[in-house]
file start35.cif (mmCIF, C-alpha atoms)
data_model
loop_
_atom_site.label_atom_id
_atom_site.label_comp_id
_atom_site.auth_asym_id
_atom_site.auth_seq_id
_atom_site.Cartn_x
_atom_site.Cartn_y
_atom_site.Cartn_z
CA MET A 1 -49.30 46.59 -37.45
CA LEU A 2 -51.34 48.27 -40.19
CA LEU A 3 -51.75 52.03 -40.14
CA THR A 4 -53.90 53.86 -42.66
CA GLY A 5 -54.84 57.51 -42.85
CA LEU A 6 -54.69 59.98 -45.72
CA ALA A 7 -55.50 58.16 -48.94
CA GLY A 8 -52.98 57.15 -51.53
CA CYS A 9 -53.20 56.79 -55.29
CA THR A 10 -55.11 53.95 -56.91
CA ASP A 11 -56.27 53.31 -60.45
CA THR A 12 -59.61 54.93 -59.65
CA ASN A 13 -58.61 58.08 -57.74
CA ALA A 14 -55.27 59.02 -59.28
CA GLY A 15 -56.69 61.63 -61.61
CA SER A 16 -58.58 63.48 -58.90
CA ASP A 17 -57.26 66.45 -56.98
CA ASP A 18 -59.57 65.65 -54.08
CA ILE A 19 -58.10 64.28 -50.87
CA THR A 20 -60.06 61.41 -49.44
CA THR A 21 -59.52 59.75 -46.10
CA THR A 22 -59.77 56.21 -44.92
CA GLU A 23 -60.61 55.06 -41.46
CA GLN A 24 -57.56 54.52 -39.28
CA THR A 25 -57.09 50.90 -38.30
CA GLU A 26 -54.48 49.16 -36.25
CA GLN A 27 -53.80 45.50 -35.91
CA SER A 28 -50.78 43.62 -34.65
CA THR A 29 -48.94 41.18 -36.82
CA ALA A 30 -45.78 39.24 -36.21
CA THR A 31 -43.75 36.71 -38.11
CA GLY A 32 -42.94 33.64 -36.18
CA SER A 33 -39.97 32.53 -38.21
CA THR A 34 -36.88 34.13 -39.64
CA GLN A 35 -35.81 33.50 -43.21
CA THR A 36 -32.22 33.05 -44.20
CA ASN A 37 -30.61 36.24 -45.44
CA GLN A 38 -29.15 35.58 -48.86
CA THR A 39 -26.40 37.99 -49.81
CA THR A 40 -24.26 37.96 -52.89
CA SER A 41 -23.07 41.54 -52.63
CA SER A 42 -19.89 42.84 -51.09
CA THR A 43 -19.83 43.27 -47.33
CA ALA A 44 -17.89 46.53 -47.61
CA LYS A 45 -19.76 49.61 -46.44
CA PRO A 46 -20.87 51.93 -49.23
CA GLN A 47 -19.18 55.32 -49.32
CA SER A 48 -22.22 57.26 -50.57
CA LEU A 49 -25.67 57.78 -49.11
CA VAL A 50 -27.23 56.03 -52.10
CA TYR A 51 -25.86 52.67 -53.22
CA ALA A 52 -26.60 49.37 -54.95
CA SER A 53 -26.84 45.84 -53.61
CA SER A 54 -27.58 42.39 -55.00
CA GLU A 55 -28.85 41.22 -51.62
CA THR A 56 -32.14 39.45 -51.03
CA THR A 57 -33.20 40.75 -47.65
CA GLU A 58 -34.38 38.76 -44.67
CA PHE A 59 -37.84 40.15 -45.48
CA GLY A 60 -37.69 38.48 -48.89
CA ILE A 61 -37.16 41.53 -51.12
CA ASN A 62 -34.59 41.26 -53.92
CA LEU A 63 -32.65 44.52 -53.96
CA GLU A 64 -31.08 43.98 -57.37
CA GLY A 65 -31.93 46.96 -59.57
CA ASN A 66 -33.27 49.15 -56.76
CA PRO A 67 -31.63 52.20 -55.17
CA LEU A 68 -30.87 51.98 -51.46
CA MET A 69 -30.37 54.94 -49.18
CA GLY A 70 -28.76 54.71 -45.75
CA SER A 71 -26.54 52.33 -43.86
CA PRO A 72 -26.54 48.60 -44.71
CA ASP A 73 -26.29 48.08 -40.94
CA ALA A 74 -29.51 49.98 -40.19
CA SER A 75 -31.83 48.20 -37.80
CA VAL A 76 -34.94 49.12 -39.83
CA ASP A 77 -35.47 48.60 -43.55
CA LEU A 78 -38.10 50.92 -45.01
CA TYR A 79 -39.54 49.64 -48.30
CA TYR A 80 -41.10 52.50 -50.25
CA TRP A 81 -43.43 51.78 -53.20
CA SER A 82 -44.36 54.84 -55.25
CA ASP A 83 -45.63 56.15 -58.59
CA TYR A 84 -44.04 59.31 -60.01
CA GLN A 85 -47.46 60.64 -61.04
CA CYS A 86 -49.05 60.10 -57.63
CA PRO A 87 -49.74 63.42 -55.85
CA PHE A 88 -49.76 61.68 -52.48
CA CYS A 89 -46.26 60.36 -53.16
CA ASN A 90 -45.21 63.91 -53.94
CA ARG A 91 -46.70 65.10 -50.68
CA PHE A 92 -44.53 62.55 -48.86
CA GLU A 93 -41.46 63.59 -50.87
CA GLN A 94 -41.90 67.28 -50.13
CA ASN A 95 -43.18 67.25 -46.55
CA THR A 96 -42.12 64.06 -44.79
CA PHE A 97 -39.13 62.50 -46.52
CA PRO A 98 -36.68 65.34 -45.71
CA LYS A 99 -37.29 64.82 -41.98
CA ILE A 100 -36.91 61.04 -42.21
CA LEU A 101 -33.70 61.57 -44.18
CA GLU A 102 -32.16 63.83 -41.54
CA ASP A 103 -33.48 62.05 -38.43
CA TYR A 104 -33.14 58.39 -39.39
CA ILE A 105 -31.51 57.67 -42.76
CA LYS A 106 -28.37 59.80 -42.52
CA PRO A 107 -27.67 58.76 -38.90
CA GLY A 108 -27.79 55.11 -40.02
CA ASP A 109 -30.93 53.94 -38.23
CA VAL A 110 -33.14 53.38 -41.29
CA ARG A 111 -32.30 52.08 -44.76
CA LEU A 112 -34.70 53.17 -47.51
CA VAL A 113 -35.44 50.85 -50.44
CA ILE A 114 -37.00 52.59 -53.45
CA LEU A 115 -39.41 50.45 -55.48
CA GLU A 116 -41.81 51.17 -58.33
CA TYR A 117 -45.56 50.58 -58.06
CA VAL A 118 -47.15 51.85 -61.28
CA THR A 119 -50.90 52.41 -60.91
CA ILE A 120 -51.90 55.49 -62.86
CA GLY A 121 -51.25 55.08 -66.58
CA ASP A 122 -48.80 54.77 -69.45
CA ALA A 123 -46.88 57.87 -68.40
CA SER A 124 -46.30 56.28 -65.01
CA LYS A 125 -44.91 53.22 -66.77
CA THR A 126 -42.55 55.47 -68.71
CA ALA A 127 -41.40 57.23 -65.54
CA GLY A 128 -40.89 53.93 -63.73
CA ARG A 129 -38.83 52.51 -66.58
CA MET A 130 -36.83 55.71 -66.82
CA ALA A 131 -36.02 55.44 -63.12
CA LYS A 132 -34.59 51.99 -63.80
CA CYS A 133 -32.47 53.37 -66.67
CA VAL A 134 -31.15 56.22 -64.56
CA TRP A 135 -30.21 53.81 -61.79
CA ARG A 136 -28.47 51.44 -64.19
CA GLN A 137 -26.44 54.36 -65.51
CA VAL A 138 -25.32 55.96 -62.24
CA LYS A 139 -25.24 53.19 -59.64
CA GLU A 140 -21.54 52.42 -60.04
CA THR A 141 -20.16 55.88 -60.79
CA ASP A 142 -22.39 58.44 -59.04
CA PRO A 143 -25.28 56.76 -57.20
CA ASN A 144 -26.26 60.00 -55.48
CA ALA A 145 -27.23 61.30 -58.93
CA PHE A 146 -30.29 59.08 -58.70
CA LYS A 147 -31.45 60.97 -55.63
CA ARG A 148 -31.11 64.24 -57.55
CA TRP A 149 -33.04 62.83 -60.51
CA HIS A 150 -35.77 61.33 -58.32
CA ALA A 151 -36.29 64.67 -56.55
CA SER A 152 -36.31 66.58 -59.84
CA ILE A 153 -39.08 64.40 -61.25
CA PHE A 154 -41.28 64.89 -58.20
CA ASP A 155 -40.52 68.63 -58.19
CA ALA A 156 -41.84 68.79 -61.77
CA GLN A 157 -44.99 66.77 -61.04
CA LYS A 158 -48.32 68.10 -62.28
CA LYS A 159 -51.82 66.62 -62.41
CA PRO A 160 -51.74 62.90 -63.28
CA ASN A 161 -52.00 62.07 -66.99
CA SER A 162 -51.89 65.76 -67.94
CA GLY A 163 -48.90 65.22 -70.24
CA TRP A 164 -46.13 66.34 -67.93
CA ALA A 165 -44.78 62.77 -67.61
CA LYS A 166 -44.53 62.00 -71.31
CA LYS A 167 -41.17 60.58 -72.32
CA GLN A 168 -39.74 63.67 -73.98
CA ASN A 169 -40.67 65.95 -71.10
CA LEU A 170 -39.11 63.54 -68.61
CA LEU A 171 -35.97 63.42 -70.75
CA ASP A 172 -35.87 67.23 -70.79
CA ILE A 173 -36.02 67.21 -66.99
CA THR A 174 -33.34 64.52 -66.91
CA ALA A 175 -31.02 66.63 -69.06
CA GLY A 176 -30.93 69.20 -66.27
CA VAL A 177 -29.87 66.74 -63.57
CA GLN A 178 -26.18 66.79 -62.70
CA GLY A 179 -24.53 63.43 -63.25
CA VAL A 180 -27.22 61.92 -65.51
CA ASP A 181 -26.80 61.57 -69.29
CA ALA A 182 -30.26 62.07 -70.81
CA ASP A 183 -29.18 60.75 -74.22
CA ALA A 184 -27.96 57.54 -72.61
CA VAL A 185 -31.26 57.26 -70.74
CA ALA A 186 -33.17 57.63 -74.01
CA SER A 187 -31.07 54.87 -75.57
CA CYS A 188 -31.62 52.67 -72.54
CA LEU A 189 -35.39 53.06 -72.84
CA GLN A 190 -35.32 52.11 -76.50
CA GLU A 191 -32.88 49.21 -76.25
CA ASN A 192 -34.07 47.57 -73.03
CA GLU A 193 -37.85 47.79 -73.17
CA GLN A 194 -38.51 44.20 -72.11
CA SER A 195 -36.04 44.06 -69.23
CA LEU A 196 -37.18 47.44 -67.93
CA ALA A 197 -40.83 46.40 -68.04
CA ALA A 198 -39.93 43.18 -66.22
CA SER A 199 -38.01 45.06 -63.52
CA VAL A 200 -40.91 47.44 -62.89
CA ALA A 201 -43.33 44.50 -62.85
CA ASP A 202 -41.11 42.66 -60.36
CA ASP A 203 -41.28 45.64 -58.01
CA LYS A 204 -45.06 45.68 -58.22
CA LYS A 205 -45.33 41.94 -57.65
CA ALA A 206 -43.10 42.23 -54.59
CA GLY A 207 -45.42 44.94 -53.33
CA ASN A 208 -48.54 42.91 -54.03
CA ASP A 209 -47.00 40.01 -52.13
CA LYS A 210 -46.61 42.34 -49.12
CA GLY A 211 -50.15 43.69 -49.34
CA VAL A 212 -49.47 46.88 -51.27
CA SER A 213 -52.48 48.24 -53.19
CA VAL A 214 -52.02 52.04 -53.18
CA THR A 215 -49.18 54.51 -53.48
CA PRO A 216 -47.34 55.49 -51.53
CA THR A 217 -47.04 52.43 -49.32
CA PHE A 218 -44.28 51.98 -46.76
CA VAL A 219 -43.38 48.69 -45.12
CA PHE A 220 -41.07 48.86 -42.11
CA HIS A 221 -39.14 45.76 -41.10
CA ASN A 222 -36.73 45.19 -38.23
CA SER A 223 -33.78 43.60 -40.00
CA ASP A 224 -32.11 42.68 -36.69
CA SER A 225 -34.89 40.80 -34.94
CA GLY A 226 -36.89 39.86 -38.03
CA ASP A 227 -40.15 39.81 -36.07
CA ALA A 228 -41.34 43.42 -36.19
CA THR A 229 -43.14 44.76 -39.24
CA ALA A 230 -45.49 47.69 -39.83
CA THR A 231 -47.17 49.28 -42.83
CA ILE A 232 -48.18 52.86 -43.56
CA GLN A 233 -50.38 53.61 -46.55
CA GLY A 234 -50.81 57.07 -47.99
CA ALA A 235 -49.40 60.53 -47.34
CA GLN A 236 -49.30 60.64 -43.57
CA PRO A 237 -47.59 63.24 -41.38
CA TYR A 238 -44.07 62.83 -40.05
CA PRO A 239 -45.08 62.01 -36.44
CA ARG A 240 -46.82 58.85 -37.69
CA PHE A 241 -43.62 57.72 -39.40
CA GLU A 242 -41.55 58.63 -36.36
CA ALA A 243 -43.78 56.62 -34.03
CA THR A 244 -43.79 53.64 -36.39
CA ILE A 245 -40.01 53.59 -36.77
CA GLU A 246 -39.54 53.78 -33.01
CA GLU A 247 -42.01 50.94 -32.47
CA VAL A 248 -40.46 48.67 -35.10
CA ARG A 249 -36.88 49.24 -33.95
CA LYS A 250 -37.59 48.18 -30.34
#
call {"tool": "encode", "arguments": {"input": "start35.cif", "output": "structure tokens"}}
result
Amino acid sequence: MLLTGLAGCTDTNAGSDDITTTEQTEQSTATGSTQTNQTTSSTAKPQSLVYASSETTEFGINLEGNPLMGSPDASVDLYYWSDYQCPFCNRFEQNTFPKILEDYIKPGDVRLVILEYVTIGDASKTAGRMAKCVWRQVKETDPNAFKRWHASIFDAQKKPNSGWAKKQNLLDITAGVQGVDADAVASCLQENEQSLAASVADDKKAGNDKGVSVTPTFVFHNSDSGDATATIQGAQPYPRFEATIEEVRK
């Protein structure tokens, strides 16, 4: 099932404040086979809302290096590709995500997988790499700190490529986030440039392999049955997400 509505960010429209729309289309898709779920992580339930895993999911996404939010036993995995400079991603974060969090993620019905999909410019690359550094720092000791950092960056978002997402400004924002050491993040960026770039590139390749071309893009997958998948592209209203989750989890 492919659902499109309000436009997302691409290389060509990211700098515009205009909201464009795309024609809504629906088509049914199904996978006829189920891949083997490869797991190398612990089977113990995480104690925090946000947690790490080294699992490769049944849908074929390697979770190593990516924050997860929600129960590992959730029936629906929601893969979320975003760009920190994308205004449509911010619209999702401010208007739709809080409802999904309360209605589906916290109750344990949906597990969110946060992935980078850099499309807008060098500042987006910096933000994506910084997200990887923050996650590396907090995932074992205070994984919920990533959620606070992630929200703080989107709260500070301004027009794409206007300078707000330059490294020093992002580090200044990071310094105000409880549980995150901004100096350690700065060192991480300097010392791990190649591995960070590779991790961000891996996220984008995984998205490309699943048909992602704009941000935000959301791919829903029934991790129990393995044969129900749907995609939402762009900043769509909560009822569209609600209907899609309910359809996929059947």
call {"tool": "closest_residue", "arguments": {"input": "start35.cif", "among": "A:Ile61, A:Ala123, A:Cys89, A:Leu112", "to": "Val76 in chain A", "atoms": "all atoms listed in the file"}}
result
A:Leu112
call {"tool": "resolve_selection", "arguments": {"input": "start35.cif", "expression": "the PyMOL selection byres ((chain A and resi 218) around 6)", "output": "PyMOL selection string"}}
result
chain A and resi 79-80+217+219+231-232
call {"tool": "residues_around", "arguments": {"input": "start35.cif", "residues": "Cys86 in chain A", "least_positions_apart": "4", "cutoff": "12 Å", "atoms": "only C-alpha atoms", "output": "PyMOL selection string"}}
result
chain A and resi 7-17+81-82+90-93+116-121+123-124+127-128+153-154+157-161+165+214-217+234-235
call {"tool": "atom_distance", "arguments": {"input": "start35.cif", "atom1": "CA of Leu189 in chain A", "atom2": "CA of Asp77 in chain A"}}
result
29.6 Å
call {"tool": "residues_around", "arguments": {"input": "start35.cif", "residues": "Lys106 in chain A", "least_positions_apart": "4", "cutoff": "10 Å", "atoms": "only C-alpha atoms", "output": "NGL selection string"}}
result
:A and (49 or 69-71 or 100-102 or 110-111)
call {"tool": "resolve_selection", "arguments": {"input": "start35.cif", "expression": "the PyMOL selection byres ((chain A and resi 183) around 12)", "output": "PyMOL selection string"}}
result
chain A and resi 130+133-134+137+168+170-176+180-182+184-190
call {"tool": "closest_residue", "arguments": {"input": "start35.cif", "among": "A:Thr244, A:Asn192, A:Ser199, A:Thr126", "to": "Glu64 in chain A", "atoms": "only C-alpha atoms"}}
result
A:Ser199
call {"tool": "atom_distance", "arguments": {"input": "start35.cif", "atom1": "CA of Ala52 in chain A", "atom2": "CA of Gly65 in chain A"}}
result
7.5 Å
call {"tool": "closest_residue", "arguments": {"input": "start35.cif", "among": "A:Ala156, A:Val212, A:Val248, A:Leu78", "to": "Gln94 in chain A", "atoms": "all atoms listed in the file"}}
result
A:Ala156
call {"tool": "resolve_selection", "arguments": {"input": "start35.cif", "expression": "the PyMOL selection byres ((chain A and resi 51) around 6)", "output": "PDB file with C-alpha atoms, in the coordinates of the input"}}
result
ATOM      1  CA  VAL A  50     -27.230  56.030 -52.100  1.00  0.00           C
ATOM      2  CA  ALA A  52     -26.600  49.370 -54.950  1.00  0.00           C
ATOM      3  CA  LEU A  68     -30.870  51.980 -51.460  1.00  0.00           C
ATOM      4  CA  PRO A 143     -25.280  56.760 -57.200  1.00  0.00           C
TER       5      PRO A 143
END
call {"tool": "closest_residue", "arguments": {"input": "start35.cif", "among": "A:Gln236, A:Arg136, A:Ser75, A:Leu63", "to": "Phe88 in chain A", "atoms": "all atoms listed in the file"}}
result
A:Gln236
call {"tool": "axis_aligned_box", "arguments": {"input": "start35.cif", "around": "range 197-210 of chain A", "padding_each_side": "5 Å", "output": "AutoDock Vina command-line options"}}
result
--center_x -43.3 --center_y 43.7 --center_z -58.6 --size_x 20.5 --size_y 17.4 --size_z 28.9
call {"tool": "atom_distance", "arguments": {"input": "start35.cif", "atom1": "CA of Val177 in chain A", "atom2": "CA of Trp149 in chain A"}}
result
5.9 Å
call {"tool": "closest_residue", "arguments": {"input": "start35.cif", "among": "A:Phe59, A:Ala74, A:Lys166, A:Pro87", "to": "Asp209 in chain A", "atoms": "all atoms listed in the file"}}
result
A:Phe59
call {"tool": "closest_residue", "arguments": {"input": "start35.cif", "among": "A:Val113, A:Gly211, A:Gly108, A:Arg129", "to": "Thr57 in chain A", "atoms": "all atoms listed in the file"}}
result
A:Val113
call {"tool": "residues_around", "arguments": {"input": "start35.cif", "residues": "Glu242 in chain A", "least_positions_apart": "6", "cutoff": "10 Å", "atoms": "all atoms listed in the file", "output": "list in words"}}
result
Lys99, Ile100, Asp103 and Tyr104 of chain A
call {"tool": "write_last_selection", "arguments": {"input": "start35.cif", "atoms": "C-alpha atoms", "output": "compact mmCIF listing (two decimals), in the frame of the given file"}}
result
# COMPACT_ATOMS: atom_id res chain seq x y z
CA LYS A 99 -37.29 64.82 -41.98
CA ILE A 100 -36.91 61.04 -42.21
CA ASP A 103 -33.48 62.05 -38.43
CA TYR A 104 -33.14 58.39 -39.39
